[in-house]
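A quick write-up on the structure given underneath.
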Amino acid sequence: MTDISTLSFSERSVLFAKISQLAYYTDKATEKQAKRLGFSVREFYNCSSAQAYLLETDTDIVIACRGTEPHQFADLKADANAWPVVSETISRVHAGFKGYVDYLWPLVEEDMHSSTKRLWFTGHSLGAAMATLMTYRCEHCSRTQNAEELYTYGSPRVGWPKYIRAFNTTHHRWVNNNDIVTRVPFWIMGYRHNGEEHYINAYGNVRPFTGWQRAKDRFRGIWLGIKKGKIDSFSDHAIGLYVYHCESYDKGQENPQGLTVK
């Protein structure tokens with residue numbers, strides 16, 4: 001495995017999307033897929049339904065947090081517990097996400113504090129929120145080094161503005177068209193996103209859309225989803241689509257209008 005720091009942004013985006021995907025697998029399947037990517041599985045953290053993997057190479061450590069599993073009531077309960085609570089450092093964060101990180105943090109911190117390898121975080125959905133909170137904790141914990149970067153896919157909002165403004169680690173946040181999870185908890189509750197957004201439009205191409213362009217593209221995505229018999233807001237959340245679109249982006253492939261992957 002090449003040092004992650006030597007990879008291009010698009011190559012890292014593909015790598016971390018695949019790592020976020022393998023975080024959902026069973027132990028044996030995860031070990032097999034991690035090996036294909038050049039990693040070994042050092043630890044699997046599993047506490048009160050909060051789960052994450054520690055993958056490593058000779059030069060890097062990656063903490064990959066597992067996202068929401070629909071059959072796990074505890075995951076759904078954590079997602080729904082959106083009441084803002086005081087964080088360890090500043091301002092307020094999502095209570096459910098914080099609770100999951102609280103379960104795992106002592107174990108993760110213990111494994112990281114003596115390492116000199118470069119540290120990276122990644123995750124999808126609930127896992128993205130957990131990875132964000134863990135990355136922030138590294139910035140304010142004397143026992144761990146700061147993360148190099150954070151890569152998230154389909155991440156919900158995790159904290160209030162003051163918390164977000166105090167976040168210093170580079171965060172690449174991928175959003176696939178109408179992915180509904182990226183729009184919760186609601187803005188009116190005080191929650192905000194952080195990091196640099198990389199938006200995938202209805203045709204599967206990466207575009208820096210804002211304002212009216214984004215609104216039109218979302219309506220386009222909903223209509224294209226309806227024609228395929230899918231609810232776009234939910235189908236766009238699939239980690240497999242994030243992997244596919246990041247791979248296309250890395251290869252420089254552009255989907256023409258009318259050709260969609262939903």
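Residues in the structure tokens are numbered from 1 in each chain, the chains being A, B, ... in the order shown, and ligands are numbered from 1 in the order shown.
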
Can you check which residues of region 12-259 of chain A DSSP gives as helix (DSSP H, G or I) on the backbone and send them as an NGL selection string? :A and (12-22 or 27-36 or 73-80 or 95-112 or 126-139 or 161-165 or 180-183 or 187-189 or 211-227 or 232-235 or 239-251)

Would you pick out the contacts of region 215-223 of chain A at 8 Å or less, using only C-alpha atoms, so that residues sharing its chain but fewer than 6 positions from it are not included, and give the list as a list in words?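 Neighbouring residues, sequence-local ones excluded: Asn177, Asn178, Asn201, Ala202, Tyr203, Ile231, Asp232 and Ser233 of chain A.
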
Please return as a PyMOL selection string: the residues of region 29-180 of chain A that backbone DSSP assigns to strand (DSSP E or B). chain A and resi 40-47+50-56+60-65+84-86+92-94+118-124+149-153+159+170-176

Here is a test: counting only C-alpha atoms, which residue of A:Trp174, A:Tyr242, A:Phe97, A:Tyr53 is nearest to Ser155 (chain A)? A:Trp174

Exercise: region 32-38 of chain A partners within 12 Å, only C-alpha atoms, chain neighbours under 4 positions left out, as JSON, numbers by chain: {"A": [1, 2, 3, 4, 12, 14, 15, 16, 17, 18, 19, 20, 21, 22, 23, 24, 25, 26, 27, 28, 42, 53, 54, 55, 56, 57, 58, 59, 60, 61, 62, 64]}

Please produce an output containing C-alpha atoms for each residue in the selection, written as a tab-separated table (two decimals), in the first residue's frame.
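Saved as part.tsv:
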chain	number	residue	atom	x	y	z
A	1	MET	CA	0.00	0.00	0.00
A	2	THR	CA	1.35	3.41	-1.02
A	3	ASP	CA	1.54	6.07	1.69
A	4	ILE	CA	-1.86	7.73	1.75
A	12	ARG	CA	-7.88	9.29	-1.50
A	14	VAL	CA	-11.97	6.52	-3.68
A	15	LEU	CA	-9.87	4.79	-1.04
A	16	PHE	CA	-11.79	6.20	1.90
A	17	ALA	CA	-15.15	5.56	0.23
A	18	LYS	CA	-14.16	1.89	-0.10
A	19	ILE	CA	-12.95	1.80	3.49
A	20	SER	CA	-16.23	3.36	4.66
A	21	GLN	CA	-18.04	0.63	2.74
A	22	LEU	CA	-16.03	-2.24	4.22
A	23	ALA	CA	-16.81	-0.93	7.71
A	24	TYR	CA	-20.28	-2.46	7.22
A	25	TYR	CA	-18.95	-5.94	6.52
A	26	THR	CA	-18.56	-8.84	8.92
A	27	ASP	CA	-15.15	-9.35	10.50
A	28	LYS	CA	-13.84	-11.89	7.99
A	42	ARG	CA	-5.70	-4.12	13.90
A	53	TYR	CA	-12.39	-0.43	12.68
A	54	LEU	CA	-8.75	0.51	13.06
A	55	LEU	CA	-6.89	-0.31	9.84
A	56	GLU	CA	-3.18	0.20	9.40
A	57	THR	CA	-0.19	-0.01	7.10
A	58	ASP	CA	3.48	0.61	7.83
A	59	THR	CA	2.89	4.36	7.59
A	60	ASP	CA	-0.80	5.07	8.22
A	61	ILE	CA	-3.70	4.41	10.58
A	62	VAL	CA	-7.30	4.79	9.44
A	64	ALA	CA	-13.36	3.83	9.88

Report, in Å with one decimal, the straight-line distance from CA of His171 (chain A) to CA of Gly96 (chain A). 21.2 Å

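Comparing A:Leu224, A:Cys246, A:Leu107, A:Ala80 by their smallest distance to Phe186 (chain A), the closest is A:Ala80 (using only C-alpha atoms).
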
From the options A:Arg165, A:Tyr153, A:Thr170, A:Trp83, which residue's atoms come nearest to Trp120 (chain A), counting only C-alpha atoms?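 Using only C-alpha atoms, the shortest distance to Trp120 (chain A) belongs to A:Thr170.
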
One residue among A:Tyr151, A:Glu69, A:Tyr163, A:Ser125 is nearest to Glu11 (chain A) when using only C-alpha atoms, and that residue is A:Tyr151

For Lys98 (chain A), which residue among A:Pro185, A:Pro84, A:Pro256, A:Gly67 is the nearest when counting only C-alpha atoms? A:Pro84

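Minimum atom-to-atom distance to Val158 (chain A), evaluated using only C-alpha atoms, belongs to A:Leu126 out of A:Ala29, A:Val243, A:Leu104, A:Leu126.
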
If we count only C-alpha atoms, what is near Cys65 (chain A) at a cut-off of 6 Å, once residues fewer than 4 positions away on the same chain are taken out, given as a PyMOL selection string? chain A and resi 52+123+127

Let's have the selection written as a PDB file, in the first residue's frame, with N, CA and C atoms.
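Just written: selection32.pdb:
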ATOM      1  N   ALA A  52     -16.492   0.529  15.049  1.00  0.00           N
ATOM      2  CA  ALA A  52     -15.487   1.143  14.180  1.00  0.00           C
ATOM      3  C   ALA A  52     -14.322   0.175  14.024  1.00  0.00           C
ATOM      4  N   GLY A 123     -15.894   7.734   7.273  1.00  0.00           N
ATOM      5  CA  GLY A 123     -17.147   7.072   7.614  1.00  0.00           C
ATOM      6  C   GLY A 123     -18.275   7.527   6.712  1.00  0.00           C
ATOM      7  N   GLY A 127     -21.672   6.795  10.660  1.00  0.00           N
ATOM      8  CA  GLY A 127     -20.224   6.650  10.774  1.00  0.00           C
ATOM      9  C   GLY A 127     -19.488   7.932  10.418  1.00  0.00           C
TER      10      GLY A 127
END
